[in-house]
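*Asks:* Below: one structure in structure tokens.
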Amino acid sequence: MFNLIRAHCFSLSRARTTWLLFAASVVCALVMLLFLKRIGASESSLGGIAFFFSDLNVVTLIGAVLATLLISNDFDNRTMQHTISAGHSRAQIVTSKFIVYWLFMCLYLLPFVAASFWIFYADAPYTFGVPMGGMISAMNSTTQISTAVALLLSLIIVYVGQTSLAVMLAFFLKKPTFVIVLFYAISVLCGQLAANNLNWLNWTPFGGDAITVTADSSLLAICLVSLRFISVCVGITILYFRKTDIH
């Protein structure tokens with residue numbers, strides 16, 4: 001399986017879309033900082049625009065596109081069939097895809113992590129103007145560097161948990177358009193439901209407890225929920241892919 005992981009990493013690293021996604025992540029993090037600073041200067045009308053460039057929204061879009069790039073394309077160009085013919089088990093293929101996906105999602109989150117530390121050390125106020133989840137709100141809830149690091153690591157696990165659903169959908173639906181639209185719709189719907197304090201959503205990384213992480217949150221419980229969700233996504237995908245005919 002290690003060879004599969006290396007092959008997937010090499011393939012993604014050579015794809016132009018991979019680095020365009022990283023560039024988009026960097027630009028969004030910088031634009032978000034710009035708007036948040038202006039909101040901190042009492043231009044609260046910019047809150048909606050700032051959210052569009054925030055980690056909460058961008059991770060969903062990038063996660064969906066990355067899933068199609070890593071998985072859907074392999075079905076289209078028959079790479080998946082060749083991998084199976086080479087003797088790799090379907091469980092190994094699924095697991096290696098998930099691992100590589102998580103690694104690249106962490107890469108795409110780095111600009112927002114850097115932006116969060118900028119806010120942590122900055123004297124000027126950076127705010128959405130309203131209560132909001134994600135890395136920025138987490139940074140505004142503490143003045144301790146150790147707590148800030150723990151909050152960011154917890155949110156990275158949450159985002160990896162959320163976007164793992166996109167990988168599962170890519171194996172099920174295969175077509176990039178269906179994967180992107182459905183995953184984004186699910187994320188938006190869960191966000192609306194979380195705002196209504198539905199307790200059952202807290203059993204997933206889409207719940208309000210996971211999104212609105214602060215220094216007072218139970219980080220261990222949030223991480224365990226996300227890791228359990230990841231395990232479920234991987235398990236369901238393996239079971240489905242084992243029974244799928246590849247043409």
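Scheme for the structure tokens: letters A, B, ... for chains in order shown; per-chain residue numbers from 1; ligand numbers from 1 in order shown.
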Show which residues sit within 9 Å of region 156-160 of chain A, as number ranges by chain. Count only C-alpha atoms, and ignore same-chain residues fewer than 2 positions away.

*Replies:* A: 56, 59-60, 63, 101-102, 105-106, 109, 151-154, 162-164, 205-206, 210-211, 222-223, 225-227, 230

*Asks:* For Thr79 (chain A), which of A:Ala166, A:Ala114, A:Ile93, A:Leu193 is the closest residue, counting only C-alpha atoms?

*Replies:*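 When distances to Thr79 (chain A) are compared using only C-alpha atoms, the smallest one comes from A:Ile93.
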
*Asks:* Of the candidates A:Phe229, A:Phe104, A:Phe112, A:Phe241, which one gets nearest to Val26 (chain A) if we count only C-alpha atoms?

*Replies:*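 With only C-alpha atoms as the atom set, the closest residue is A:Phe112.
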
*Asks:* Excluding same-chain residues fewer than 4 positions from Thr17 (chain A), what lies within 9 Å of it counting only C-alpha atoms, as a PDB file with N, CA, C and O atoms, in the first residue's frame?

*Replies:*
```
ATOM      1  N   LEU A  12      -0.758  13.459  -7.930  1.00  0.00           N
ATOM      2  CA  LEU A  12      -1.380  14.732  -7.535  1.00  0.00           C
ATOM      3  C   LEU A  12      -0.395  15.885  -7.607  1.00  0.00           C
ATOM      4  O   LEU A  12      -0.753  16.994  -8.010  1.00  0.00           O
ATOM      5  N   LEU A  21      -5.452  24.775  -6.559  1.00  0.00           N
ATOM      6  CA  LEU A  21      -6.242  24.715  -5.328  1.00  0.00           C
ATOM      7  C   LEU A  21      -5.473  25.311  -4.153  1.00  0.00           C
ATOM      8  O   LEU A  21      -6.042  26.023  -3.315  1.00  0.00           O
ATOM      9  N   PHE A  22      -4.171  25.014  -4.082  1.00  0.00           N
ATOM     10  CA  PHE A  22      -3.367  25.587  -2.994  1.00  0.00           C
ATOM     11  C   PHE A  22      -3.276  27.107  -3.139  1.00  0.00           C
ATOM     12  O   PHE A  22      -3.384  27.839  -2.143  1.00  0.00           O
ATOM     13  N   LEU A  66     -10.911  18.284  -4.696  1.00  0.00           N
ATOM     14  CA  LEU A  66      -9.795  17.352  -4.504  1.00  0.00           C
ATOM     15  C   LEU A  66     -10.260  15.898  -4.601  1.00  0.00           C
ATOM     16  O   LEU A  66      -9.557  15.055  -5.167  1.00  0.00           O
ATOM     17  N   LEU A  69     -10.613  15.055  -8.173  1.00  0.00           N
ATOM     18  CA  LEU A  69      -9.299  15.000  -8.812  1.00  0.00           C
ATOM     19  C   LEU A  69      -8.587  13.692  -8.481  1.00  0.00           C
ATOM     20  O   LEU A  69      -7.930  13.083  -9.335  1.00  0.00           O
TER      21      LEU A  69
END
```

*Asks:* Mind giving me the straight-line distance from CA of Ser218 (chain A) to CA of Gly191 (chain A) in Å, one decimal?

*Replies:*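 Going from CA of Ser218 (chain A) over to CA of Gly191 (chain A), I get 19.9 Å.
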
*Asks:* Nearest residue to Ser141 (chain A) out of A:Ile119, A:Ile238, A:Cys9, A:Leu20, using only C-alpha atoms?

*Replies:* A:Ile119

*Asks:* Show me, as a PyMOL selection string, the residues that have an atom within 10 Å of region 135-137 of chain A when counting only C-alpha atoms, minus same-chain residues fewer than 3 positions from it.

*Replies:* chain A and resi 32-33+36+54-56+112-113+115-117+119-120+126-128+130-132+140-142+148+151-156+211-215

*Asks:* Would you please work out which residue, of A:Ala64, A:Leu4, A:Val232, A:Leu224, is nearest to Val181 (chain A) when using only C-alpha atoms?

*Replies:* A:Ala64

*Asks:* Do you have the CA of Ile62 (chain A)-CA of Thr237 (chain A) distance handy?

*Replies:* 20.4 Å

*Asks:* If DSSP is run on the backbone, what residues of region 48-231 of chain A are helix (DSSP H, G or I)? A reply as a CSV table (one decimal) with C-alpha atoms, in the first residue's frame would be ideal.

*Replies:*
```csv
chain,number,residue,atom,x,y,z
A,48,GLY,CA,-21.0,37.8,4.4
A,49,ILE,CA,-18.2,38.4,2.0
A,50,ALA,CA,-15.6,37.4,4.6
A,51,PHE,CA,-17.5,34.2,5.3
A,52,PHE,CA,-17.3,33.2,1.6
A,55,ASP,CA,-12.0,28.2,6.1
A,56,LEU,CA,-15.6,27.1,6.9
A,57,ASN,CA,-16.6,27.7,3.3
A,58,VAL,CA,-13.4,27.2,1.3
A,59,VAL,CA,-12.6,23.8,2.9
A,60,THR,CA,-15.9,22.4,1.6
A,61,LEU,CA,-15.3,23.6,-2.0
A,62,ILE,CA,-11.6,22.5,-2.1
A,63,GLY,CA,-12.4,19.2,-0.4
A,64,ALA,CA,-15.0,18.4,-3.1
A,65,VAL,CA,-12.7,19.3,-6.0
A,66,LEU,CA,-9.8,17.4,-4.5
A,67,ALA,CA,-12.0,14.2,-4.1
A,68,THR,CA,-12.9,14.4,-7.8
A,69,LEU,CA,-9.3,15.0,-8.8
A,70,LEU,CA,-8.0,12.0,-6.8
A,71,ILE,CA,-10.8,9.5,-7.4
A,72,SER,CA,-13.3,10.5,-10.1
A,73,ASN,CA,-10.5,11.1,-12.6
A,74,ASP,CA,-9.2,7.5,-12.0
A,75,PHE,CA,-12.5,6.1,-13.0
A,76,ASP,CA,-12.6,8.3,-16.2
A,79,THR,CA,-6.4,4.2,-13.9
A,80,MET,CA,-8.6,2.4,-11.3
A,81,GLN,CA,-9.0,-0.6,-13.5
A,82,HIS,CA,-5.2,-0.8,-14.1
A,83,THR,CA,-4.5,-0.6,-10.4
A,84,ILE,CA,-6.9,-3.5,-9.6
A,85,SER,CA,-5.4,-5.5,-12.5
A,90,ARG,CA,-9.7,-2.8,-3.2
A,91,ALA,CA,-9.3,-2.2,0.5
A,92,GLN,CA,-5.7,-1.0,-0.1
A,93,ILE,CA,-6.9,1.2,-3.0
A,94,VAL,CA,-9.6,2.9,-0.8
A,95,THR,CA,-7.3,3.3,2.2
A,96,SER,CA,-4.5,4.7,0.2
A,97,LYS,CA,-6.8,7.2,-1.5
A,98,PHE,CA,-8.1,8.4,1.9
A,99,ILE,CA,-4.6,8.8,3.4
A,100,VAL,CA,-3.4,10.8,0.4
A,101,TYR,CA,-6.5,12.9,0.5
A,102,TRP,CA,-6.0,13.7,4.2
A,103,LEU,CA,-2.4,14.7,3.6
A,104,PHE,CA,-3.3,17.1,0.8
A,105,MET,CA,-6.3,18.5,2.8
A,106,CYS,CA,-3.8,19.4,5.6
A,107,LEU,CA,-1.6,21.1,3.0
A,108,TYR,CA,-4.6,23.2,1.8
A,109,LEU,CA,-5.4,24.2,5.4
A,110,LEU,CA,-1.9,25.6,6.1
A,111,PRO,CA,-2.7,29.1,4.7
A,112,PHE,CA,-5.7,29.3,7.1
A,113,VAL,CA,-3.5,28.1,10.0
A,114,ALA,CA,-1.0,30.8,9.2
A,115,ALA,CA,-3.8,33.4,9.0
A,116,SER,CA,-5.1,32.2,12.4
A,117,PHE,CA,-1.7,32.7,14.0
A,118,TRP,CA,-1.4,36.1,12.4
A,119,ILE,CA,-4.7,37.0,14.1
A,120,PHE,CA,-3.5,35.4,17.4
A,121,TYR,CA,-0.5,37.7,17.5
A,135,MET,CA,-10.3,28.8,13.0
A,136,ILE,CA,-10.7,32.6,13.5
A,137,SER,CA,-13.3,32.4,16.2
A,138,ALA,CA,-11.2,29.7,17.9
A,139,MET,CA,-8.2,32.0,17.9
A,145,ILE,CA,-0.4,29.5,22.6
A,146,SER,CA,-0.7,25.9,23.7
A,147,THR,CA,-4.5,26.2,23.7
A,148,ALA,CA,-4.4,27.9,20.3
A,149,VAL,CA,-2.4,25.0,18.8
A,150,ALA,CA,-4.8,22.4,20.4
A,151,LEU,CA,-7.8,24.3,18.9
A,152,LEU,CA,-6.3,24.4,15.4
A,153,LEU,CA,-5.3,20.7,15.5
A,154,SER,CA,-8.8,19.8,16.6
A,155,LEU,CA,-10.4,21.9,13.8
A,156,ILE,CA,-8.0,20.2,11.2
A,157,ILE,CA,-9.3,16.8,12.4
A,158,VAL,CA,-12.9,18.2,12.1
A,159,TYR,CA,-12.3,19.4,8.6
A,160,VAL,CA,-10.7,16.1,7.6
A,161,GLY,CA,-13.7,14.3,9.0
A,162,GLN,CA,-16.1,16.5,7.1
A,163,THR,CA,-14.3,16.2,3.7
A,164,SER,CA,-13.9,12.4,4.1
A,165,LEU,CA,-17.6,12.3,3.1
A,166,ALA,CA,-16.6,13.8,-0.3
A,167,VAL,CA,-14.2,10.9,-0.8
A,168,MET,CA,-16.9,8.4,-0.1
A,169,LEU,CA,-19.3,10.2,-2.5
A,170,ALA,CA,-16.6,10.2,-5.2
A,171,PHE,CA,-16.4,6.4,-5.0
A,172,PHE,CA,-20.2,6.1,-5.0
A,173,LEU,CA,-21.1,8.7,-7.7
A,176,PRO,CA,-17.2,15.1,-10.6
A,177,THR,CA,-20.2,17.4,-11.0
A,178,PHE,CA,-22.4,15.2,-8.9
A,179,VAL,CA,-19.8,14.9,-6.2
A,180,ILE,CA,-19.1,18.6,-5.9
A,181,VAL,CA,-22.8,19.7,-6.0
A,182,LEU,CA,-24.0,17.0,-3.6
A,183,PHE,CA,-21.2,17.4,-1.1
A,184,TYR,CA,-21.5,21.2,-1.0
A,185,ALA,CA,-25.3,20.9,-0.7
A,186,ILE,CA,-24.9,18.5,2.3
A,187,SER,CA,-22.4,20.8,3.9
A,188,VAL,CA,-24.7,23.9,3.6
A,189,LEU,CA,-27.7,21.9,4.8
A,190,CYS,CA,-25.8,20.7,7.8
A,191,GLY,CA,-24.7,24.2,8.5
A,192,GLN,CA,-28.3,25.4,8.6
A,193,LEU,CA,-29.4,22.5,10.7
A,194,ALA,CA,-26.5,23.0,13.2
A,195,ALA,CA,-27.7,26.7,13.6
A,199,ASN,CA,-28.3,17.5,18.9
A,200,TRP,CA,-28.0,14.5,16.6
A,201,LEU,CA,-25.7,16.4,14.3
A,202,ASN,CA,-23.1,16.6,17.1
A,203,TRP,CA,-22.5,12.9,16.4
A,208,GLY,CA,-22.4,22.9,16.0
A,209,ASP,CA,-20.0,21.6,18.7
A,210,ALA,CA,-17.4,20.7,16.1
A,211,ILE,CA,-17.7,23.9,14.1
A,219,LEU,CA,-11.7,19.0,22.3
A,220,LEU,CA,-11.1,15.3,23.0
A,221,ALA,CA,-14.8,14.5,22.5
A,222,ILE,CA,-14.9,16.5,19.3
A,223,CYS,CA,-11.8,14.8,17.9
A,224,LEU,CA,-13.3,11.4,18.8
A,225,VAL,CA,-16.5,12.2,17.0
A,226,SER,CA,-14.6,13.2,13.9
A,227,LEU,CA,-12.3,10.2,14.0
A,228,ARG,CA,-15.3,7.9,14.4
A,229,PHE,CA,-17.0,9.5,11.4
A,230,ILE,CA,-13.8,9.1,9.3
A,231,SER,CA,-13.7,5.4,10.2
```

*Asks:* Between A:Thr204, A:Thr18, A:Lys174, A:Asn77, which is the closest to Cys233 (chain A) once you count only C-alpha atoms?

*Replies:*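 With only C-alpha atoms as the atom set, the closest residue is A:Thr204.
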